[in-house]
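Visitor: PDB, C-alpha atoms, saved as work16.pdb, coming up:
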```
ATOM      1  CA  MET Y 704     -29.302-147.106  57.523
ATOM      2  CA  THR Y 705     -29.403-145.531  54.026
ATOM      3  CA  VAL Y 706     -27.415-146.709  50.997
ATOM      4  CA  SER Y 707     -25.217-143.602  51.181
ATOM      5  CA  GLN Y 708     -24.510-144.286  54.866
ATOM      6  CA  ASN Y 709     -23.576-147.867  54.031
ATOM      7  CA  LYS Y 710     -21.200-146.652  51.322
ATOM      8  CA  GLN Y 711     -19.624-144.120  53.676
ATOM      9  CA  SER Y 712     -19.067-146.793  56.311
ATOM     10  CA  SER Y 713     -17.516-149.083  53.689
ATOM     11  CA  ASP Y 714     -15.186-146.306  52.473
ATOM     12  CA  GLU Y 715     -13.990-145.560  55.988
ATOM     13  CA  LYS Y 716     -13.069-149.200  56.518
ATOM     14  CA  LYS Y 717     -10.869-149.085  53.443
ATOM     15  CA  VAL Y 718      -8.692-146.270  54.836
ATOM     16  CA  PRO Y 719      -6.318-147.502  57.550
ATOM     17  CA  TYR Y 720      -4.609-144.119  58.026
ATOM     18  CA  HIS Y 721      -6.338-140.781  58.489
ATOM     19  CA  PHE Y 722      -3.766-138.099  57.675
ATOM     20  CA  GLY Y 723      -6.012-136.132  55.257
ATOM     21  CA  GLU Y 724      -6.592-133.404  57.820
ATOM     22  CA  LYS Y 725      -2.840-132.781  58.098
ATOM     23  CA  LEU Y 726      -2.453-132.507  54.324
ATOM     24  CA  ARG Y 727      -5.370-130.087  54.086
ATOM     25  CA  THR Y 728      -4.141-127.958  57.002
ATOM     26  CA  VAL Y 729      -0.658-127.574  55.525
ATOM     27  CA  ARG Y 730      -2.052-126.876  52.045
ATOM     28  CA  GLU Y 731      -4.344-124.123  53.339
ATOM     29  CA  LYS Y 732      -1.577-122.555  55.456
ATOM     30  CA  LYS Y 733       0.628-122.367  52.365
ATOM     31  CA  GLY Y 734      -2.230-120.837  50.375
ATOM     32  CA  TYR Y 735      -2.257-123.613  47.769
ATOM     33  CA  THR Y 736      -5.466-124.552  45.991
ATOM     34  CA  LEU Y 737      -6.417-128.181  45.372
ATOM     35  CA  LYS Y 738      -5.743-127.597  41.674
ATOM     36  CA  VAL Y 739      -2.205-126.323  42.251
ATOM     37  CA  VAL Y 740      -1.265-129.220  44.534
ATOM     38  CA  ALA Y 741      -2.796-131.758  42.161
ATOM     39  CA  GLN Y 742      -0.896-130.363  39.158
ATOM     40  CA  LYS Y 743       2.439-130.312  41.002
ATOM     41  CA  ALA Y 744       1.902-133.854  42.326
ATOM     42  CA  GLY Y 745       0.763-135.161  38.939
ATOM     43  CA  VAL Y 746      -2.619-136.395  40.146
ATOM     44  CA  SER Y 747      -6.223-135.321  39.735
ATOM     45  CA  GLU Y 748      -7.774-132.559  41.802
ATOM     46  CA  SER Y 749     -10.565-134.977  42.725
ATOM     47  CA  LEU Y 750      -8.064-137.486  44.145
ATOM     48  CA  VAL Y 751      -6.386-134.861  46.327
ATOM     49  CA  SER Y 752      -9.791-133.812  47.633
ATOM     50  CA  GLN Y 753     -10.730-137.418  48.474
ATOM     51  CA  ILE Y 754      -7.404-137.999  50.222
ATOM     52  CA  GLU Y 755      -7.865-134.858  52.326
ATOM     53  CA  ARG Y 756     -11.341-136.062  53.336
ATOM     54  CA  ASN Y 757     -10.009-139.554  54.157
ATOM     55  CA  LYS Y 758     -12.193-141.119  51.497
ATOM     56  CA  VAL Y 759      -9.329-143.001  49.893
ATOM     57  CA  SER Y 760      -5.901-144.158  50.998
ATOM     58  CA  PRO Y 761      -3.243-142.975  48.517
ATOM     59  CA  ALA Y 762      -0.583-145.170  46.957
ATOM     60  CA  ILE Y 763       2.812-144.614  48.547
ATOM     61  CA  ASP Y 764       4.216-142.810  45.491
ATOM     62  CA  THR Y 765       1.228-140.438  45.492
ATOM     63  CA  LEU Y 766       1.693-139.750  49.190
ATOM     64  CA  LEU Y 767       5.392-139.062  48.682
ATOM     65  CA  ASN Y 768       4.610-136.652  45.842
ATOM     66  CA  LEU Y 769       2.054-134.795  47.949
ATOM     67  CA  ALA Y 770       4.450-134.591  50.876
ATOM     68  CA  ASP Y 771       7.153-133.236  48.568
ATOM     69  CA  VAL Y 772       4.848-130.609  47.041
ATOM     70  CA  LEU Y 773       3.699-129.452  50.485
ATOM     71  CA  ASP Y 774       7.198-129.814  51.991
ATOM     72  CA  ILE Y 775       5.863-132.108  54.718
ATOM     73  CA  ASN Y 776       8.097-134.375  56.782
ATOM     74  CA  LEU Y 777       6.746-137.941  56.670
ATOM     75  CA  GLU Y 778       7.385-138.237  60.411
ATOM     76  CA  PHE Y 779       4.778-135.502  60.858
ATOM     77  CA  LEU Y 780       2.234-137.469  58.849
ATOM     78  CA  PHE Y 781       2.739-140.739  60.687
ATOM     79  CA  ASP Y 782       3.769-139.677  64.187
ATOM     80  CA  GLU Y 783       0.449-140.745  65.722
ATOM     81  CA  TYR Y 784       0.925-144.274  64.359
ATOM     82  CA  HIS Y 785       4.361-144.801  65.924
ATOM     83  CA  LYS Y 786       2.969-146.887  68.751
ATOM     84  CA  GLU Y 787       4.573-149.740  70.570
ATOM     85  CA  ARG Y 788       2.767-153.027  70.371
ATOM     86  CA  PRO Y 789       0.577-153.554  73.407
ATOM     87  CA  VAL Y 790       2.136-155.208  76.433
ATOM     88  CA  GLU Y 791       0.282-158.398  77.253
ATOM     89  CA  ILE Y 792       0.274-159.534  80.867
ATOM     90  CA  ILE Y 793      -1.076-162.778  82.298
ATOM     91  CA  ARG Y 794      -1.591-162.342  86.029
ATOM     92  CA  ASN Y 795      -0.679-165.001  88.547
ATOM     93  CA  GLY Y 796      -3.724-167.179  89.095
ATOM     94  CA  GLU Y 797      -5.291-166.195  85.754
ATOM     95  CA  ARG Y 798      -3.281-168.446  83.460
ATOM     96  CA  ARG Y 799      -5.021-170.937  81.225
ATOM     97  CA  THR Y 800      -4.150-174.561  81.911
ATOM     98  CA  ILE Y 801      -4.483-177.707  79.852
ATOM     99  CA  SER Y 802      -4.083-181.312  80.931
ATOM    100  CA  GLU Y 803      -3.107-184.065  78.515
ATOM    101  CA  GLY Y 804      -3.232-187.315  80.393
ATOM    102  CA  GLU Y 805      -1.060-186.894  83.474
ATOM    103  CA  VAL Y 806       0.845-183.890  82.053
ATOM    104  CA  ASN Y 807      -0.191-180.302  82.872
ATOM    105  CA  TYR Y 808       0.493-177.184  80.794
ATOM    106  CA  GLU Y 809       0.242-173.662  82.254
ATOM    107  CA  GLU Y 810       0.266-170.774  79.799
ATOM    108  CA  ILE Y 811       3.016-168.164  80.238
ATOM    109  CA  ALA Y 812       2.658-166.174  77.016
ATOM    110  CA  ALA Y 813      -0.371-166.273  74.752
ATOM    111  CA  PRO Y 814      -0.151-166.238  70.956
ATOM    112  CA  SER Y 815      -0.590-162.618  69.834
ATOM    113  CA  ARG Y 816      -2.785-161.527  66.937
ATOM    114  CA  HIS Y 817      -0.132-158.875  66.154
ATOM    115  CA  ASP Y 818       2.452-161.499  65.209
ATOM    116  CA  GLY Y 819       0.800-162.882  62.076
ATOM    117  CA  ASP Y 820       2.602-166.009  60.889
ATOM    118  CA  GLN Y 821       5.236-165.628  63.635
ATOM    119  CA  LYS Y 822       2.976-166.528  66.550
ATOM    120  CA  ILE Y 823       4.496-168.366  69.486
ATOM    121  CA  GLU Y 824       3.195-169.855  72.692
ATOM    122  CA  GLU Y 825       5.079-170.347  75.944
ATOM    123  CA  TYR Y 826       4.072-172.512  78.866
ATOM    124  CA  LEU Y 827       5.216-174.351  81.963
ATOM    125  CA  VAL Y 828       4.967-178.097  81.550
ATOM    126  CA  SER Y 829       4.741-180.397  84.585
ATOM    127  CA  ILE Y 830       5.350-184.113  84.149
ATOM    128  CA  PRO Y 831       4.897-186.509  87.098
ATOM    129  CA  VAL Y 832       7.356-189.306  87.828
ATOM    130  CA  LYS Y 833       7.191-191.907  85.014
ATOM    131  CA  GLY Y 834       4.876-189.613  83.061
ATOM    132  CA  HIS Y 835       5.411-188.433  79.472
ATOM    133  CA  THR Y 836       4.078-185.954  76.919
ATOM    134  CA  HIS Y 837       1.673-187.157  74.249
ATOM    135  CA  ARG Y 838       0.896-184.759  71.428
ATOM    136  CA  GLY Y 839       4.404-184.499  69.951
ATOM    137  CA  SER Y 840       4.693-188.242  69.469
ATOM    138  CA  TYR Y 841       3.538-187.817  65.863
ATOM    139  CA  GLY Y 842       5.439-184.617  65.093
ATOM    140  CA  HIS Y 843       3.989-181.331  63.833
ATOM    141  CA  LEU Y 844       4.997-178.209  61.933
ATOM    142  CA  GLY Y 845       7.262-175.643  63.550
ATOM    143  CA  ARG Y 846       9.954-175.541  66.189
ATOM    144  CA  GLU Y 847      10.238-176.091  69.946
ATOM    145  CA  ILE Y 848      12.607-174.715  72.571
ATOM    146  CA  GLY Y 849      12.701-176.053  76.115
ATOM    147  CA  TYR Y 850      14.457-175.265  79.390
ATOM    148  CA  ILE Y 851      14.412-177.792  82.234
ATOM    149  CA  LEU Y 852      13.695-176.107  85.564
ATOM    150  CA  GLU Y 853      13.461-179.147  87.821
ATOM    151  CA  GLY Y 854      13.960-182.884  87.554
ATOM    152  CA  HIS Y 855      15.499-185.266  85.056
ATOM    153  CA  CYS Y 856      13.969-186.468  81.805
ATOM    154  CA  GLN Y 857      14.622-188.030  78.439
ATOM    155  CA  LEU Y 858      13.777-186.475  75.110
ATOM    156  CA  GLN Y 859      13.024-189.184  72.584
ATOM    157  CA  TYR Y 860      13.427-187.462  69.246
ATOM    158  CA  ASP Y 861      12.901-189.539  66.142
ATOM    159  CA  ASN Y 862      15.187-192.543  66.802
ATOM    160  CA  GLU Y 863      17.501-190.797  69.262
ATOM    161  CA  THR Y 864      17.362-190.354  73.048
ATOM    162  CA  TYR Y 865      18.747-187.306  74.883
ATOM    163  CA  GLU Y 866      19.189-186.995  78.654
ATOM    164  CA  LEU Y 867      18.116-183.651  80.133
ATOM    165  CA  SER Y 868      18.514-182.329  83.675
ATOM    166  CA  ALA Y 869      17.718-179.085  85.486
ATOM    167  CA  GLY Y 870      19.512-176.200  83.784
ATOM    168  CA  ASP Y 871      19.688-177.897  80.378
ATOM    169  CA  SER Y 872      18.026-176.382  77.335
ATOM    170  CA  VAL Y 873      17.042-177.967  74.035
ATOM    171  CA  SER Y 874      15.696-176.857  70.676
ATOM    172  CA  PHE Y 875      14.555-178.863  67.676
ATOM    173  CA  ALA Y 876      12.443-178.906  64.551
ATOM    174  CA  ALA Y 877       9.082-180.287  65.609
ATOM    175  CA  GLY Y 878       8.392-182.255  62.438
ATOM    176  CA  ALA Y 879       9.978-185.448  63.787
ATOM    177  CA  PRO Y 880       8.194-187.477  66.506
ATOM    178  CA  HIS Y 881       9.257-186.302  69.963
ATOM    179  CA  THR Y 882       8.316-187.281  73.505
ATOM    180  CA  LEU Y 883       9.516-185.982  76.859
ATOM    181  CA  ILE Y 884       9.656-188.695  79.543
ATOM    182  CA  ASN Y 885      10.202-188.146  83.267
ATOM    183  CA  THR Y 886      12.891-190.669  84.206
ATOM    184  CA  GLY Y 887      13.821-189.061  87.525
ATOM    185  CA  LEU Y 888      12.599-189.292  91.113
ATOM    186  CA  ILE Y 889      10.740-185.964  91.245
ATOM    187  CA  PRO Y 890       8.232-184.244  88.931
ATOM    188  CA  VAL Y 891       9.757-182.519  85.928
ATOM    189  CA  LYS Y 892       9.041-178.826  85.441
ATOM    190  CA  ALA Y 893      10.127-177.174  82.225
ATOM    191  CA  LEU Y 894       9.625-173.917  80.364
ATOM    192  CA  TRP Y 895       8.609-174.537  76.765
ATOM    193  CA  VAL Y 896       8.265-172.308  73.696
ATOM    194  CA  VAL Y 897       6.489-173.534  70.565
ATOM    195  CA  THR Y 898       5.913-171.985  67.160
ATOM    196  CA  PRO Y 899       3.407-172.112  65.645
ATOM    197  CA  PRO Y 900       1.148-172.528  68.707
ATOM    198  CA  GLN Y 901      -0.178-176.034  69.285
ATOM    199  CA  ARG Y 902      -2.026-176.015  72.597
ATOM    200  CA  PHE Y 903      -3.134-172.477  73.386
ATOM    201  CA  SER Y 904      -3.885-171.307  69.847
ATOM    202  CA  HIS Y 905      -7.510-170.394  70.531
TER     203      HIS Y 905
END
```
Translate the structure described by the file into structure tokens.

Guide:
Amino acid sequence: MTVSQNKQSSDEKKVPYHFGEKLRTVREKKGYTLKVVAQKAGVSESLVSQIERNKVSPAIDTLLNLADVLDINLEFLFDEYHKERPVEIIRNGERRTISEGEVNYEEIAAPSRHDGDQKIEEYLVSIPVKGHTHRGSYGHLGREIGYILEGHCQLQYDNETYELSAGDSVSFAAGAPHTLINTGLIPVKALWVVTPPQRFSH
């Protein structure tokens, strides 16, 4: 690959949106030259040319000026980028599972790369009779929300103890030590949401 090809590839990576073709098409239909558009928008003719060829991504004020000069609706420029975030499905039988001692975790929702710092994980936790969770006993950053589906358990949170039965829900800051203990006669099953992810983060 030549140096010029490398530079072209690098330039393309710097431009997240490719609406140059739309700007050029509208400009040509209106019979405007690059010079006329550049003068009205208060930018250089060279910059307008580079924007139209998707060589650079314009600052928002420059884009607004160009859209105003060409009388372009911004919805027209960005309509192809109005996409819903992808739907992520985990099929039955394809869920990741983790075991920590006698406790099993089955992933329901995976952390999404689209969520940035707001990633969450959701899983089914199964605790056998007299069993208990382990990792939260030292506390960690974030927050947890749980819903008890079956069984009876105790949440030991910091220096307090809370009784939880099927149908109960609980939420708490995860920084304090917390342990879920099965104190009932049947296995506990619970739906748990954690942010940021702790178990299925990779």

Visitor: Give me, as CSV, each residue of stretch 713-814 of chain Y that comes within 10 Å of stretch 818-833 of chain Y, together with its shortest interatomic pair and the distance in Å at one decimal, counting all atoms listed in the file, with rows ordered by chain and rising residue number.

Guide:
```
residue,atom,partner,partner_atom,distance
Y:Arg788,CA,Y:Asp818,CA,9.9
Y:Arg798,CA,Y:Tyr826,CA,9.6
Y:Arg799,CA,Y:Tyr826,CA,9.5
Y:Thr800,CA,Y:Tyr826,CA,9.0
Y:Ile801,CA,Y:Val828,CA,9.6
Y:Ser802,CA,Y:Ser829,CA,9.6
Y:Gly804,CA,Y:Ile830,CA,9.9
Y:Glu805,CA,Y:Pro831,CA,7.0
Y:Val806,CA,Y:Ile830,CA,5.0
Y:Asn807,CA,Y:Ser829,CA,5.2
Y:Tyr808,CA,Y:Val828,CA,4.6
Y:Glu809,CA,Y:Leu827,CA,5.0
Y:Glu810,CA,Y:Tyr826,CA,4.3
Y:Ile811,CA,Y:Tyr826,CA,4.7
Y:Ala812,CA,Y:Glu825,CA,4.9
Y:Ala813,CA,Y:Glu824,CA,5.5
Y:Pro814,CA,Y:Glu824,CA,5.2
```

Visitor: In Å, with one decimal, what is the gap from atom CA of Y:Leu777 to atom CA of Y:Gly723?

Guide: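 Going from atom CA of Y:Leu777 over to atom CA of Y:Gly723 covers 13.0 Å.
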
Visitor: Evaluate the PyMOL selection byres ((chain Y and resi 898) around 7) here and jot the selected residues down as a VMD selection string.

Guide: chain Y and resid 822 to 824 845 to 847 896 to 897 899 to 900

Visitor: Would you mind exporting C-alpha atoms of the selected residues as a short mmCIF file (atom, residue, chain, number, x, y, z; two decimals), keeping the file's coordinate frame?

Guide:
```cif
data_model
loop_
_atom_site.label_atom_id
_atom_site.label_comp_id
_atom_site.auth_asym_id
_atom_site.auth_seq_id
_atom_site.Cartn_x
_atom_site.Cartn_y
_atom_site.Cartn_z
CA LYS Y 822 2.98 -166.53 66.55
CA ILE Y 823 4.50 -168.37 69.49
CA GLU Y 824 3.20 -169.86 72.69
CA GLY Y 845 7.26 -175.64 63.55
CA ARG Y 846 9.95 -175.54 66.19
CA GLU Y 847 10.24 -176.09 69.95
CA VAL Y 896 8.26 -172.31 73.70
CA VAL Y 897 6.49 -173.53 70.56
CA PRO Y 899 3.41 -172.11 65.64
CA PRO Y 900 1.15 -172.53 68.71
#
```

Visitor: Could you jot down the atom CA of Y:Phe779 to atom CA of Y:Lys725 separation for me, Å, one decimal place?

Guide: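 Going from atom CA of Y:Phe779 over to atom CA of Y:Lys725 covers 8.5 Å.
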
Visitor: Which one of Y:Ser747, Y:Thr882, Y:Gln753, Y:Ser874 sits closest to Y:Gln859 if you count all atoms listed in the file?

Guide: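 Using all atoms listed in the file, the shortest distance to Y:Gln859 belongs to Y:Thr882.
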
Visitor: Between Y:Leu858, Y:Val739, Y:Ile851, Y:Ala877, which has the minimum distance to Y:Val891 (counting all atoms listed in the file)?

Guide: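 Between Y:Leu858, Y:Val739, Y:Ile851, Y:Ala877, the residue approaching Y:Val891 most closely is Y:Ile851.
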
Visitor: Could you check the closest approach to Y:Ile775 for each of Y:Val790, Y:Asn885, Y:Cys856, Y:Lys733 and tell me which residue wins, using all atoms listed in the file?

Guide: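 For Y:Ile775, the nearest of the given residues is Y:Lys733.
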